[in-house]
Amino acid sequence: MDFTPPAIDNYLHELIDIDDPIHEEMLHYAESRRFPAIGPLVGKLCQTLALSIRARRVFELGSGFGYSAYWFAEAVGPDGIVYCTDTNSENADMAREFLGRAGLLSRVKFTVGDAVDTLRRTPGPFDVILNDIDKEGYPAALPVALEKLRTGGLLITDNLLWSGRVANAEDHARETEAIRRYTVQLYATPGLSTTLVPLRDGVGITLKVGDAAK
């Protein structure tokens, strides 16, 4: 669900001029399989945020077929690294194929397995952590992400508006309740500064401003 009016959404998409056939292939792949990729508007937001703090180490909790990694890999530059995770080996293979043809594979390390466990085992700190795993896992992922995120780093979380279901007091689905708990934690945890941007399905942008979040 997009929360911007269609005319505004079209206008925003027209502003992003991406002259890359690989990107177009990735979008087509997502659309043809109804894969919930973050899309170019959120992709550009992630890239801009990473560039704003000169990120060199990015960790993705949930990478799918590599669409978000495409944007982060562009941002971190040739000396940076994007750690990708997914439980599906076919997604990992597609990510390697797409990112390889885009000339970005040397900037990416892909692990097949549980995203949070992989983050826990991977030495930090990280400049940016993207959280886009199964929504029921959001609350448990937060303390691990904050421990691995450097002060001054960004935690970016997708799907925080959950097609508007978080605002429906009668929706008590496990995914919806987990997103609500997670979002409350983001706003209530000392040492964090969070804003929720109603772009696409809602993007949480959390700056770790102090060590109190540990």
# chains A, B, ... in the order shown; residues from 1 in each chain; ligands from 1
>>> select_by_dssp(residues="segment 2-186 of chain A", states="strand (DSSP E)", output="PDB file with C-alpha atoms, in the first residue's frame")
ATOM      1  CA  ARG A  57      29.568  -0.970   6.429  1.00  0.00           C
ATOM      2  CA  VAL A  58      25.903  -1.845   5.935  1.00  0.00           C
ATOM      3  CA  PHE A  59      24.060  -4.877   7.279  1.00  0.00           C
ATOM      4  CA  GLU A  60      20.722  -5.971   5.848  1.00  0.00           C
ATOM      5  CA  LEU A  61      18.369  -8.029   7.988  1.00  0.00           C
ATOM      6  CA  ILE A  81      30.722  -3.732   2.126  1.00  0.00           C
ATOM      7  CA  VAL A  82      27.044  -4.635   2.320  1.00  0.00           C
ATOM      8  CA  TYR A  83      26.249  -7.760   4.338  1.00  0.00           C
ATOM      9  CA  CYS A  84      23.157  -9.441   2.904  1.00  0.00           C
ATOM     10  CA  THR A  85      21.057 -12.156   4.532  1.00  0.00           C
ATOM     11  CA  ASP A  86      18.169 -14.325   3.442  1.00  0.00           C
ATOM     12  CA  VAL A 108      28.426  -7.496  -1.215  1.00  0.00           C
ATOM     13  CA  LYS A 109      28.707 -10.517   1.070  1.00  0.00           C
ATOM     14  CA  PHE A 110      25.662 -12.814   1.104  1.00  0.00           C
ATOM     15  CA  THR A 111      24.829 -15.280   3.871  1.00  0.00           C
ATOM     16  CA  VAL A 112      21.983 -17.796   3.639  1.00  0.00           C
ATOM     17  CA  PHE A 126      27.897  -1.019  11.332  1.00  0.00           C
ATOM     18  CA  ASP A 127      27.063   2.398   9.930  1.00  0.00           C
ATOM     19  CA  VAL A 128      23.625   1.358   8.670  1.00  0.00           C
ATOM     20  CA  ILE A 129      21.388  -1.595   9.499  1.00  0.00           C
ATOM     21  CA  LEU A 130      18.288  -2.269   7.409  1.00  0.00           C
ATOM     22  CA  ASN A 131      15.538  -4.256   9.128  1.00  0.00           C
ATOM     23  CA  LEU A 149      25.066  -0.173  15.286  1.00  0.00           C
ATOM     24  CA  ARG A 150      27.658   2.529  15.883  1.00  0.00           C
ATOM     25  CA  THR A 151      26.788   5.761  17.610  1.00  0.00           C
ATOM     26  CA  GLY A 152      25.810   8.110  14.814  1.00  0.00           C
ATOM     27  CA  GLY A 153      24.617   5.157  12.740  1.00  0.00           C
ATOM     28  CA  LEU A 154      21.184   4.607  11.239  1.00  0.00           C
ATOM     29  CA  LEU A 155      18.658   1.818  11.692  1.00  0.00           C
ATOM     30  CA  ILE A 156      16.249   1.831   8.752  1.00  0.00           C
ATOM     31  CA  THR A 157      13.078  -0.244   9.087  1.00  0.00           C
TER      32      THR A 157
END
>>> select_by_dssp(residues="segment 123-178 of chain A", states="alpha helix (DSSP H)", output="ChimeraX atom specification")
/A:138-148,174-178
>>> residues_around(residues="Tyr67 of chain A", least_positions_apart="3", cutoff="7 Å", atoms="only C-alpha atoms", output="PyMOL selection string")
chain A and resi 26+37+70
>>> write_last_selection(atoms="all heavy atoms", output="tab-separated table (two decimals), in the first residue's frame")
chain	number	residue	atom	x	y	z
A	26	MET	N	15.53	-5.80	-12.28
A	26	MET	CA	15.21	-6.14	-10.89
A	26	MET	C	13.78	-5.72	-10.55
A	26	MET	O	13.05	-6.45	-9.88
A	26	MET	CB	16.21	-5.48	-9.94
A	26	MET	CG	17.63	-6.00	-10.10
A	26	MET	SD	18.83	-5.21	-9.00
A	26	MET	CE	18.62	-6.21	-7.51
A	37	ALA	N	9.71	-5.88	-2.90
A	37	ALA	CA	10.93	-5.07	-2.87
A	37	ALA	C	10.60	-3.64	-2.44
A	37	ALA	O	9.47	-3.16	-2.62
A	37	ALA	CB	11.59	-5.07	-4.25
A	70	TYR	N	21.38	-3.31	-3.90
A	70	TYR	CA	21.78	-2.55	-5.09
A	70	TYR	C	22.01	-1.08	-4.73
A	70	TYR	O	23.02	-0.47	-5.10
A	70	TYR	CB	20.70	-2.69	-6.16
A	70	TYR	CG	20.84	-1.79	-7.37
A	70	TYR	CD1	21.51	-2.23	-8.51
A	70	TYR	CD2	20.30	-0.50	-7.37
A	70	TYR	CE1	21.62	-1.41	-9.63
A	70	TYR	CE2	20.41	0.32	-8.48
A	70	TYR	CZ	21.07	-0.13	-9.60
A	70	TYR	OH	21.19	0.69	-10.69
>>> atom_distance(atom1="atom CA of His172 of chain A", atom2="atom CA of Thr206 of chain A")
25.2 Å
>>> closest_residue(among="A:His23, A:Ile16, A:Ser68, A:Glu177", to="Cys46 of chain A", atoms="only C-alpha atoms")
A:Ser68
>>> residues_around(residues="segment 201-204 of chain A", least_positions_apart="5", cutoff="9 Å", atoms="only C-alpha atoms", output="ChimeraX atom specification")
/A:1-3,38,42,155-164,183,186,194-196
>>> write_last_selection(atoms="N, CA, C and O atoms", output="mmCIF file, in the first residue's frame")
data_model
loop_
_atom_site.group_PDB
_atom_site.id
_atom_site.type_symbol
_atom_site.label_atom_id
_atom_site.label_comp_id
_atom_site.auth_asym_id
_atom_site.auth_seq_id
_atom_site.Cartn_x
_atom_site.Cartn_y
_atom_site.Cartn_z
ATOM 1 N N MET A 1 0.844 -1.200 0.000
ATOM 2 C CA MET A 1 0.000 0.000 0.000
ATOM 3 C C MET A 1 0.872 1.240 0.000
ATOM 4 O O MET A 1 1.809 1.354 0.781
ATOM 5 N N ASP A 2 0.579 2.182 -0.908
ATOM 6 C CA ASP A 2 1.279 3.453 -0.934
ATOM 7 C C ASP A 2 0.415 4.508 -0.256
ATOM 8 O O ASP A 2 -0.802 4.557 -0.459
ATOM 9 N N PHE A 3 1.043 5.367 0.553
ATOM 10 C CA PHE A 3 0.291 6.352 1.321
ATOM 11 C C PHE A 3 0.288 7.733 0.675
ATOM 12 O O PHE A 3 -0.342 8.644 1.182
ATOM 13 N N ILE A 38 11.586 -2.945 -1.895
ATOM 14 C CA ILE A 38 11.337 -1.601 -1.353
ATOM 15 C C ILE A 38 11.024 -0.578 -2.432
ATOM 16 O O ILE A 38 10.439 0.464 -2.135
ATOM 17 N N VAL A 42 12.012 4.288 -1.960
ATOM 18 C CA VAL A 42 12.658 3.928 -0.703
ATOM 19 C C VAL A 42 14.118 3.566 -0.944
ATOM 20 O O VAL A 42 14.985 3.833 -0.111
ATOM 21 N N LEU A 155 19.474 3.019 11.822
ATOM 22 C CA LEU A 155 18.658 1.818 11.692
ATOM 23 C C LEU A 155 17.453 2.200 10.827
ATOM 24 O O LEU A 155 16.669 3.076 11.190
ATOM 25 N N ILE A 156 17.345 1.558 9.677
ATOM 26 C CA ILE A 156 16.249 1.831 8.752
ATOM 27 C C ILE A 156 15.325 0.620 8.747
ATOM 28 O O ILE A 156 15.768 -0.505 8.552
ATOM 29 N N THR A 157 14.030 0.857 8.975
ATOM 30 C CA THR A 157 13.078 -0.244 9.087
ATOM 31 C C THR A 157 11.943 -0.068 8.097
ATOM 32 O O THR A 157 11.314 0.992 8.048
ATOM 33 N N ASP A 158 11.685 -1.119 7.330
ATOM 34 C CA ASP A 158 10.619 -1.068 6.324
ATOM 35 C C ASP A 158 9.305 -1.574 6.909
ATOM 36 O O ASP A 158 9.281 -2.278 7.917
ATOM 37 N N ASN A 159 8.205 -1.174 6.258
ATOM 38 C CA ASN A 159 6.850 -1.696 6.525
ATOM 39 C C ASN A 159 6.285 -1.323 7.888
ATOM 40 O O ASN A 159 5.471 -2.062 8.448
ATOM 41 N N LEU A 160 6.645 -0.182 8.426
ATOM 42 C CA LEU A 160 6.147 0.172 9.759
ATOM 43 C C LEU A 160 4.694 0.640 9.755
ATOM 44 O O LEU A 160 4.076 0.730 10.824
ATOM 45 N N LEU A 161 4.134 0.938 8.591
ATOM 46 C CA LEU A 161 2.710 1.270 8.542
ATOM 47 C C LEU A 161 1.859 0.064 8.138
ATOM 48 O O LEU A 161 0.645 0.075 8.323
ATOM 49 N N TRP A 162 2.501 -0.957 7.593
ATOM 50 C CA TRP A 162 1.863 -2.257 7.371
ATOM 51 C C TRP A 162 0.514 -2.115 6.685
ATOM 52 O O TRP A 162 -0.514 -2.596 7.168
ATOM 53 N N SER A 163 0.524 -1.412 5.558
ATOM 54 C CA SER A 163 -0.692 -1.168 4.765
ATOM 55 C C SER A 163 -1.793 -0.502 5.583
ATOM 56 O O SER A 163 -2.977 -0.682 5.318
ATOM 57 N N GLY A 164 -1.402 0.273 6.590
ATOM 58 C CA GLY A 164 -2.356 0.987 7.422
ATOM 59 C C GLY A 164 -2.925 0.169 8.565
ATOM 60 O O GLY A 164 -3.682 0.689 9.402
ATOM 61 N N THR A 183 7.762 -0.419 16.985
ATOM 62 C CA THR A 183 7.747 1.021 16.742
ATOM 63 C C THR A 183 7.730 1.804 18.048
ATOM 64 O O THR A 183 8.430 2.821 18.190
ATOM 65 N N LEU A 186 11.191 1.817 19.379
ATOM 66 C CA LEU A 186 12.061 2.760 18.675
ATOM 67 C C LEU A 186 11.909 4.173 19.233
ATOM 68 O O LEU A 186 12.898 4.888 19.431
ATOM 69 N N THR A 194 13.974 8.837 16.412
ATOM 70 C CA THR A 194 13.261 8.110 15.352
ATOM 71 C C THR A 194 12.210 8.987 14.709
ATOM 72 O O THR A 194 11.529 9.770 15.371
ATOM 73 N N THR A 195 12.085 8.825 13.394
ATOM 74 C CA THR A 195 10.961 9.407 12.674
ATOM 75 C C THR A 195 10.418 8.359 11.722
ATOM 76 O O THR A 195 11.170 7.514 11.218
ATOM 77 N N LEU A 196 9.118 8.388 11.490
ATOM 78 C CA LEU A 196 8.466 7.431 10.606
ATOM 79 C C LEU A 196 7.989 8.190 9.378
ATOM 80 O O LEU A 196 7.144 9.080 9.469
#
>>> atom_distance(atom1="atom CA of Ala69 of chain A", atom2="atom CA of Val197 of chain A")
20.3 Å
>>> closest_residue(among="A:Val144, A:Ala73, A:Ile8, A:Leu15", to="Gly103 of chain A", atoms="only C-alpha atoms")
A:Ala73
>>> residues_around(residues="Thr176 of chain A", least_positions_apart="6", cutoff="8 Å", atoms="only C-alpha atoms", output="PyMOL selection string")
chain A and resi 135+162+165-166
>>> write_last_selection(atoms="N, CA and C atoms", output="PDB file, in the first residue's frame")
ATOM      1  N   LYS A 135       7.914  -9.801   9.961  1.00  0.00           N
ATOM      2  CA  LYS A 135       7.531  -8.746  10.899  1.00  0.00           C
ATOM      3  C   LYS A 135       7.407  -9.226  12.338  1.00  0.00           C
ATOM      4  N   TRP A 162       2.501  -0.957   7.593  1.00  0.00           N
ATOM      5  CA  TRP A 162       1.863  -2.257   7.371  1.00  0.00           C
ATOM      6  C   TRP A 162       0.514  -2.115   6.685  1.00  0.00           C
ATOM      7  N   ARG A 165      -2.551  -1.099   8.637  1.00  0.00           N
ATOM      8  CA  ARG A 165      -3.146  -1.970   9.657  1.00  0.00           C
ATOM      9  C   ARG A 165      -2.731  -1.585  11.076  1.00  0.00           C
ATOM     10  N   VAL A 166      -1.567  -0.968  11.231  1.00  0.00           N
ATOM     11  CA  VAL A 166      -1.139  -0.574  12.575  1.00  0.00           C
ATOM     12  C   VAL A 166      -2.079   0.462  13.197  1.00  0.00           C
TER      13      VAL A 166
END
>>> residues_around(residues="Gly66 of chain A", least_positions_apart="3", cutoff="8 Å", atoms="only C-alpha atoms", output="PyMOL selection string")
chain A and resi 63+69-70+84+91-92+94-96+98-99
>>> write_last_selection(atoms="N, CA, C and O atoms", output="PDB file, in the first residue's frame")
ATOM      1  N   SER A  63      17.364  -9.563   2.820  1.00  0.00           N
ATOM      2  CA  SER A  63      17.826  -8.921   1.587  1.00  0.00           C
ATOM      3  C   SER A  63      17.073  -9.360   0.342  1.00  0.00           C
ATOM      4  O   SER A  63      17.236  -8.753  -0.715  1.00  0.00           O
ATOM      5  N   ALA A  69      20.114  -4.023  -1.578  1.00  0.00           N
ATOM      6  CA  ALA A  69      21.576  -4.060  -1.607  1.00  0.00           C
ATOM      7  C   ALA A  69      22.132  -3.311  -2.813  1.00  0.00           C
ATOM      8  O   ALA A  69      23.226  -2.749  -2.753  1.00  0.00           O
ATOM      9  N   TYR A  70      21.379  -3.312  -3.899  1.00  0.00           N
ATOM     10  CA  TYR A  70      21.777  -2.550  -5.093  1.00  0.00           C
ATOM     11  C   TYR A  70      22.005  -1.081  -4.730  1.00  0.00           C
ATOM     12  O   TYR A  70      23.016  -0.475  -5.098  1.00  0.00           O
ATOM     13  N   CYS A  84      24.518  -9.063   3.259  1.00  0.00           N
ATOM     14  CA  CYS A  84      23.157  -9.441   2.904  1.00  0.00           C
ATOM     15  C   CYS A  84      22.791 -10.776   3.549  1.00  0.00           C
ATOM     16  O   CYS A  84      23.647 -11.655   3.680  1.00  0.00           O
ATOM     17  N   ASN A  91      16.961 -16.833  -3.558  1.00  0.00           N
ATOM     18  CA  ASN A  91      17.079 -15.376  -3.503  1.00  0.00           C
ATOM     19  C   ASN A  91      18.544 -14.953  -3.518  1.00  0.00           C
ATOM     20  O   ASN A  91      18.915 -13.983  -4.190  1.00  0.00           O
ATOM     21  N   ALA A  92      19.362 -15.663  -2.767  1.00  0.00           N
ATOM     22  CA  ALA A  92      20.787 -15.337  -2.734  1.00  0.00           C
ATOM     23  C   ALA A  92      21.415 -15.499  -4.106  1.00  0.00           C
ATOM     24  O   ALA A  92      22.226 -14.668  -4.543  1.00  0.00           O
ATOM     25  N   MET A  94      19.906 -15.251  -7.024  1.00  0.00           N
ATOM     26  CA  MET A  94      19.432 -14.161  -7.880  1.00  0.00           C
ATOM     27  C   MET A  94      20.140 -12.860  -7.542  1.00  0.00           C
ATOM     28  O   MET A  94      20.486 -12.072  -8.430  1.00  0.00           O
ATOM     29  N   ALA A  95      20.370 -12.613  -6.242  1.00  0.00           N
ATOM     30  CA  ALA A  95      21.077 -11.397  -5.838  1.00  0.00           C
ATOM     31  C   ALA A  95      22.490 -11.374  -6.423  1.00  0.00           C
ATOM     32  O   ALA A  95      22.933 -10.347  -6.953  1.00  0.00           O
ATOM     33  N   ARG A  96      23.179 -12.486  -6.319  1.00  0.00           N
ATOM     34  CA  ARG A  96      24.537 -12.548  -6.870  1.00  0.00           C
ATOM     35  C   ARG A  96      24.526 -12.322  -8.378  1.00  0.00           C
ATOM     36  O   ARG A  96      25.415 -11.655  -8.929  1.00  0.00           O
ATOM     37  N   PHE A  98      22.174 -10.647 -10.258  1.00  0.00           N
ATOM     38  CA  PHE A  98      21.852  -9.254 -10.571  1.00  0.00           C
ATOM     39  C   PHE A  98      23.010  -8.319 -10.211  1.00  0.00           C
ATOM     40  O   PHE A  98      23.430  -7.481 -11.017  1.00  0.00           O
ATOM     41  N   LEU A  99      23.507  -8.437  -8.992  1.00  0.00           N
ATOM     42  CA  LEU A  99      24.546  -7.517  -8.530  1.00  0.00           C
ATOM     43  C   LEU A  99      25.864  -7.749  -9.258  1.00  0.00           C
ATOM     44  O   LEU A  99      26.648  -6.807  -9.456  1.00  0.00           O
TER      45      LEU A  99
END
>>> atom_distance(atom1="atom CA of Glu24 of chain A", atom2="atom CA of Ala75 of chain A")
18.5 Å
>>> closest_residue(among="A:Ala178, A:Asn168, A:Pro123, A:Arg107", to="Glu136 of chain A", atoms="only C-alpha atoms")
A:Ala178
